[in-house]
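Participant: Have a look at this one before I ask anything.
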Amino acid sequence: MILEILSDWRLKEFEEHRKLKKEGDIEVTDLIRCPLKRYFEERYPELHKASVYTPATILGSLVHLGLEKILSEELNAEIEVKGEKKLGEHKIVGRIDAKLGKVGIEIKTSRGDFEIPYEHHVLQVKIYNWLFDLEKSVLVYVTPDRVTEFIVEEKAKEEEIIKLIVDKTSPRYDWECRYCFFSILCPNKKRK
């Protein structure tokens with residue numbers, strides 16, 4: 001019974017997010033991950049949908065939901081704030097987990113706390129700082145070993161974002177293939 005409710009909730013959350021995506025929009029998360037992943041998500045929607053049921057994504061969603069509720073109730077923070085900005089002919093869109101005035105809050109879960117904050121998460125927050133014109137963001141990590149936060153004050157520069165848009169290196173990071181549902185069919189799969 002609980003598993004069915006949880007699965008239905010995750011699927012509904014997934015479908016709602018997919019409805020928000022518009023053709024041609026570039027999501028902040030697309031800028032920090034393997035460019036082939038977005039192609040595969042669109043080409044193989046069944047595989048993409050299956051990824052919502054992994055224990056890691058369910059755990060991450062539950063942590064987000066709980067912490068966002070606390071931030072909303074205790075700090076009156078805005079939750080799941082959407083933003084967009086034109087950059088030349090591109091429209092960059094994103095959704096930060098929470099916002100308190102000119103301060104962003106981005107929540108991350110990880111299987112471990114080795115080498116956090118991760119480079120791609122810091123880059124994501126820098127892009128959010130640019131997108132939402134934030135003074136800074138708090139990058140919050142919840143791991144089995146530690147709950148901690150990092151302050152990121154730097155904003156991504158527009159040239160940096162353009163470079164990410166045109167860079168088709170796939171994968172962007174060596175570790176991505178280990179966690180990717182699409183690695184079973186990807187010609188660029190890397191093994192470490």
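Ordering of the structure tokens sets the chain letters (A, B, ...), residue numbers begin anew at 1 in every chain, and ligands are numbered from 1 in the order given.
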If we count only C-alpha atoms and set the cut-off at 9 Å, which residues sit around Glu68 (chain A), ignoring sequence neighbours fewer than 5 positions away in its own chain? Please answer as a PDB file with C-alpha atoms, in the first residue's frame.
Facilitator:
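The result, stored in part.pdb:
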ATOM      1  CA  VAL A  63      14.602  14.620   1.665  1.00  0.00           C
ATOM      2  CA  GLU A  73       7.257  26.771   7.746  1.00  0.00           C
ATOM      3  CA  ALA A  77      11.048  30.595   2.300  1.00  0.00           C
ATOM      4  CA  GLU A  78       9.673  30.416  -1.220  1.00  0.00           C
ATOM      5  CA  ILE A  79       9.807  26.799  -2.399  1.00  0.00           C
ATOM      6  CA  GLU A  80      10.551  25.380  -5.882  1.00  0.00           C
ATOM      7  CA  ASP A  97      14.732  24.413  -4.257  1.00  0.00           C
ATOM      8  CA  ALA A  98      14.142  27.468  -2.045  1.00  0.00           C
ATOM      9  CA  ILE A 107      19.316  20.725  -1.442  1.00  0.00           C
TER      10      ILE A 107
END
Participant: Which residues come within 10 Å of Val138 (chain A), counting only C-alpha atoms, excluding same-chain residues fewer than 2 positions away, as a PyMOL selection string?
Facilitator: chain A and resi 98-99+103-107+122+125+136+140-141+148-153
Participant: To one decimal in Å, tell me the separation between CA of Leu123 (chain A) and CA of Ala156 (chain A).
Facilitator: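 One can read the CA of Leu123 (chain A) to CA of Ala156 (chain A) distance as 7.5 Å.
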Participant: Name the closest residue to Gly66 (chain A) among the candidates A:Arg172, A:Glu27, A:Val142, A:Pro187; distances are taken between atoms, counting only C-alpha atoms.
Facilitator: A:Val142
Participant: Using DSSP on the backbone coordinates, identify the residues of region 25-180 of chain A assigned to alpha helix (DSSP H); present them as a PyMOL selection string.
Facilitator: chain A and resi 28-31+35-43+45-50+55-75+119-131+158-166+176-179
Participant: Take the residues from that selection and write them out as an mmCIF file, in the first residue's frame, keeping C-alpha atoms.
Facilitator:
data_model
loop_
_atom_site.group_PDB
_atom_site.id
_atom_site.type_symbol
_atom_site.label_atom_id
_atom_site.label_comp_id
_atom_site.auth_asym_id
_atom_site.auth_seq_id
_atom_site.Cartn_x
_atom_site.Cartn_y
_atom_site.Cartn_z
ATOM 1 C CA VAL A 28 20.136 24.574 -15.687
ATOM 2 C CA THR A 29 20.459 20.862 -14.934
ATOM 3 C CA ASP A 30 21.062 20.199 -18.657
ATOM 4 C CA LEU A 31 24.078 22.505 -18.513
ATOM 5 C CA PRO A 35 24.496 16.413 -23.168
ATOM 6 C CA LEU A 36 23.460 12.986 -24.477
ATOM 7 C CA LYS A 37 21.268 12.388 -21.443
ATOM 8 C CA ARG A 38 18.650 14.939 -22.523
ATOM 9 C CA TYR A 39 18.572 13.385 -25.999
ATOM 10 C CA PHE A 40 18.113 9.904 -24.529
ATOM 11 C CA GLU A 41 15.371 11.127 -22.168
ATOM 12 C CA GLU A 42 13.411 12.420 -25.148
ATOM 13 C CA ARG A 43 14.220 9.457 -27.416
ATOM 14 C CA PRO A 45 10.856 8.097 -22.479
ATOM 15 C CA GLU A 46 10.112 4.630 -21.060
ATOM 16 C CA LEU A 47 13.647 4.285 -19.709
ATOM 17 C CA HIS A 48 13.523 7.837 -18.389
ATOM 18 C CA LYS A 49 10.256 7.145 -16.594
ATOM 19 C CA ALA A 50 11.695 3.959 -15.042
ATOM 20 C CA PRO A 55 15.646 4.047 -4.257
ATOM 21 C CA ALA A 56 18.216 6.869 -4.617
ATOM 22 C CA THR A 57 15.779 9.162 -6.483
ATOM 23 C CA ILE A 58 12.939 8.346 -4.083
ATOM 24 C CA LEU A 59 15.176 9.091 -1.103
ATOM 25 C CA GLY A 60 16.318 12.355 -2.686
ATOM 26 C CA SER A 61 12.715 13.409 -3.346
ATOM 27 C CA LEU A 62 11.682 12.645 0.226
ATOM 28 C CA VAL A 63 14.602 14.620 1.665
ATOM 29 C CA HIS A 64 13.757 17.560 -0.623
ATOM 30 C CA LEU A 65 10.091 17.434 0.345
ATOM 31 C CA GLY A 66 10.833 17.330 4.070
ATOM 32 C CA LEU A 67 13.498 20.036 4.089
ATOM 33 C CA GLU A 68 11.477 22.308 1.799
ATOM 34 C CA LYS A 69 8.507 21.975 4.174
ATOM 35 C CA ILE A 70 10.703 22.938 7.129
ATOM 36 C CA LEU A 71 12.203 25.903 5.249
ATOM 37 C CA SER A 72 8.738 27.090 4.257
ATOM 38 C CA GLU A 73 7.257 26.771 7.746
ATOM 39 C CA GLU A 74 10.239 27.952 9.808
ATOM 40 C CA LEU A 75 11.736 30.622 7.521
ATOM 41 C CA GLU A 119 31.993 20.433 -8.759
ATOM 42 C CA HIS A 120 28.793 20.054 -10.796
ATOM 43 C CA HIS A 121 26.622 21.084 -7.827
ATOM 44 C CA VAL A 122 28.705 24.219 -7.241
ATOM 45 C CA LEU A 123 28.406 25.038 -10.951
ATOM 46 C CA GLN A 124 24.633 24.536 -10.785
ATOM 47 C CA VAL A 125 24.374 26.942 -7.850
ATOM 48 C CA LYS A 126 26.578 29.524 -9.615
ATOM 49 C CA ILE A 127 24.172 29.380 -12.563
ATOM 50 C CA TYR A 128 21.212 29.796 -10.190
ATOM 51 C CA ASN A 129 22.944 32.816 -8.646
ATOM 52 C CA TRP A 130 23.128 34.298 -12.166
ATOM 53 C CA LEU A 131 19.605 33.233 -13.175
ATOM 54 C CA GLU A 158 27.389 34.518 -19.379
ATOM 55 C CA GLU A 159 30.432 33.385 -21.415
ATOM 56 C CA GLU A 160 30.722 30.350 -19.135
ATOM 57 C CA ILE A 161 27.051 29.462 -19.730
ATOM 58 C CA ILE A 162 27.396 29.855 -23.511
ATOM 59 C CA LYS A 163 30.447 27.570 -23.384
ATOM 60 C CA LEU A 164 28.362 24.941 -21.537
ATOM 61 C CA ILE A 165 25.587 25.228 -24.138
ATOM 62 C CA VAL A 166 27.904 24.567 -27.073
ATOM 63 C CA GLU A 176 28.219 9.982 -14.835
ATOM 64 C CA CYS A 177 27.950 6.684 -16.712
ATOM 65 C CA ARG A 178 27.909 4.667 -13.467
ATOM 66 C CA TYR A 179 24.610 6.310 -12.452
#
Participant: Taking the DSSP secondary structure from the backbone, can you list the residues of chain A that are strand (DSSP E or B), as JSON, numbers by chain?
Facilitator: {"A": [25, 26, 27, 78, 79, 80, 81, 82, 83, 84, 85, 86, 87, 90, 91, 92, 93, 94, 95, 96, 97, 98, 99, 100, 103, 104, 105, 106, 107, 108, 109, 136, 137, 138, 139, 140, 141, 142, 147, 148, 149, 150, 151, 152]}
Participant: Could those residues be written to a file, using N, CA and C atoms, as a short mmCIF file (atom, residue, chain, number, x, y, z; two decimals), in the first residue's frame?
Facilitator:
data_model
loop_
_atom_site.label_atom_id
_atom_site.label_comp_id
_atom_site.auth_asym_id
_atom_site.auth_seq_id
_atom_site.Cartn_x
_atom_site.Cartn_y
_atom_site.Cartn_z
N ASP A 25 13.88 25.21 -24.61
CA ASP A 25 14.38 25.72 -23.33
C ASP A 25 15.60 24.90 -22.90
N ILE A 26 16.54 25.57 -22.28
CA ILE A 26 17.71 24.88 -21.74
C ILE A 26 17.62 24.95 -20.23
N GLU A 27 17.47 23.80 -19.61
CA GLU A 27 17.39 23.76 -18.16
C GLU A 27 18.78 23.84 -17.55
N GLU A 78 10.38 30.82 -0.01
CA GLU A 78 9.67 30.42 -1.22
C GLU A 78 10.25 29.06 -1.64
N ILE A 79 9.40 28.17 -2.07
CA ILE A 79 9.81 26.80 -2.40
C ILE A 79 9.65 26.54 -3.89
N GLU A 80 10.59 25.78 -4.47
CA GLU A 80 10.55 25.38 -5.88
C GLU A 80 10.32 26.60 -6.78
N VAL A 81 11.20 27.58 -6.66
CA VAL A 81 11.06 28.84 -7.38
C VAL A 81 11.57 28.67 -8.82
N LYS A 82 10.73 29.02 -9.76
CA LYS A 82 11.08 28.91 -11.18
C LYS A 82 11.62 30.25 -11.67
N GLY A 83 12.59 30.16 -12.57
CA GLY A 83 13.14 31.37 -13.17
C GLY A 83 13.54 31.11 -14.61
N GLU A 84 13.66 32.18 -15.37
CA GLU A 84 14.12 32.08 -16.75
C GLU A 84 14.81 33.37 -17.14
N LYS A 85 15.75 33.23 -18.07
CA LYS A 85 16.51 34.39 -18.53
C LYS A 85 16.96 34.12 -19.95
N LYS A 86 16.86 35.13 -20.80
CA LYS A 86 17.33 35.02 -22.17
C LYS A 86 18.84 35.26 -22.19
N LEU A 87 19.50 34.49 -23.02
CA LEU A 87 20.94 34.63 -23.22
C LEU A 87 21.16 34.45 -24.72
N HIS A 90 19.09 31.89 -26.74
CA HIS A 90 18.76 30.80 -25.82
C HIS A 90 17.92 31.30 -24.65
N LYS A 91 17.06 30.42 -24.16
CA LYS A 91 16.32 30.72 -22.92
C LYS A 91 16.74 29.69 -21.89
N ILE A 92 17.35 30.19 -20.81
CA ILE A 92 17.79 29.33 -19.73
C ILE A 92 16.68 29.32 -18.69
N VAL A 93 16.28 28.13 -18.27
CA VAL A 93 15.22 27.98 -17.27
C VAL A 93 15.73 27.12 -16.12
N GLY A 94 15.21 27.38 -14.95
CA GLY A 94 15.63 26.60 -13.80
C GLY A 94 14.65 26.70 -12.66
N ARG A 95 14.83 25.81 -11.72
CA ARG A 95 13.97 25.78 -10.54
C ARG A 95 14.88 25.49 -9.34
N ILE A 96 15.04 26.51 -8.52
CA ILE A 96 15.86 26.36 -7.31
C ILE A 96 14.96 25.84 -6.19
N ASP A 97 15.54 25.06 -5.30
CA ASP A 97 14.73 24.41 -4.26
C ASP A 97 14.05 25.41 -3.33
N ALA A 98 14.75 26.47 -2.94
CA ALA A 98 14.14 27.47 -2.04
C ALA A 98 14.86 28.80 -2.22
N LYS A 99 14.16 29.85 -1.84
CA LYS A 99 14.71 31.20 -1.94
C LYS A 99 14.22 32.01 -0.75
N LEU A 100 15.17 32.70 -0.15
CA LEU A 100 14.88 33.61 0.96
C LEU A 100 15.40 34.98 0.56
N VAL A 103 18.82 35.15 -1.29
CA VAL A 103 19.62 33.98 -0.94
C VAL A 103 18.90 32.73 -1.45
N GLY A 104 19.63 31.93 -2.22
CA GLY A 104 19.08 30.68 -2.73
C GLY A 104 19.46 29.53 -1.82
N ILE A 105 18.68 28.47 -1.87
CA ILE A 105 18.97 27.26 -1.12
C ILE A 105 18.78 26.08 -2.07
N GLU A 106 19.83 25.30 -2.22
CA GLU A 106 19.79 24.13 -3.09
C GLU A 106 20.11 22.90 -2.24
N ILE A 107 19.21 21.92 -2.28
CA ILE A 107 19.32 20.73 -1.44
C ILE A 107 19.86 19.57 -2.27
N LYS A 108 20.84 18.87 -1.72
CA LYS A 108 21.44 17.73 -2.39
C LYS A 108 21.53 16.55 -1.43
N THR A 109 21.33 15.35 -1.98
CA THR A 109 21.59 14.13 -1.22
C THR A 109 22.74 13.42 -1.91
N LYS A 136 23.93 35.17 -2.89
CA LYS A 136 24.62 33.92 -2.59
C LYS A 136 23.59 32.81 -2.52
N SER A 137 24.12 31.59 -2.47
CA SER A 137 23.26 30.42 -2.28
C SER A 137 23.89 29.51 -1.24
N VAL A 138 23.03 28.78 -0.56
CA VAL A 138 23.46 27.79 0.40
C VAL A 138 23.24 26.42 -0.24
N LEU A 139 24.31 25.68 -0.36
CA LEU A 139 24.27 24.34 -0.92
C LEU A 139 24.23 23.38 0.27
N VAL A 140 23.08 22.75 0.48
CA VAL A 140 22.86 21.87 1.64
C VAL A 140 23.00 20.42 1.21
N TYR A 141 23.84 19.68 1.93
CA TYR A 141 24.01 18.25 1.65
C TYR A 141 23.46 17.43 2.81
N VAL A 142 22.69 16.40 2.45
CA VAL A 142 22.22 15.42 3.41
C VAL A 142 22.77 14.08 2.94
N VAL A 147 25.32 16.04 7.62
CA VAL A 147 24.43 17.07 7.10
C VAL A 147 25.22 18.35 7.21
N THR A 148 25.44 19.01 6.07
CA THR A 148 26.29 20.20 6.10
C THR A 148 25.85 21.17 5.02
N GLU A 149 26.43 22.35 5.05
CA GLU A 149 26.10 23.35 4.04
C GLU A 149 27.35 24.10 3.62
N PHE A 150 27.30 24.59 2.38
CA PHE A 150 28.38 25.37 1.80
C PHE A 150 27.78 26.64 1.21
N ILE A 151 28.47 27.74 1.38
CA ILE A 151 28.02 29.02 0.82
C ILE A 151 28.71 29.22 -0.53
N VAL A 152 27.93 29.56 -1.54
CA VAL A 152 28.46 29.86 -2.87
C VAL A 152 28.02 31.28 -3.23
#
Participant: Expressed in Å to a single decimal, how great is the separation between CA of Val52 (chain A) and CA of Arg18 (chain A)?
Facilitator: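 So the answer is 12.2 Å.
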Participant: Rounded to one decimal place, report the CA of Pro117 (chain A)-CA of Asp174 (chain A) distance in Å.
Facilitator: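 For CA of Pro117 (chain A) relative to CA of Asp174 (chain A), the distance reads 16.8 Å.
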Participant: If we count only C-alpha atoms and set the cut-off at 7 Å, which residues sit around Thr143 (chain A), ignoring sequence neighbours fewer than 5 positions away in its own chain? Please answer as a ChimeraX atom specification.
Facilitator: /A:109-113
Participant: When distances are computed from only C-alpha atoms, which of A:Lys155, A:Cys34, A:Phe132, A:Tyr44 shows the smallest separation from Trp175 (chain A)?
Facilitator: A:Cys34
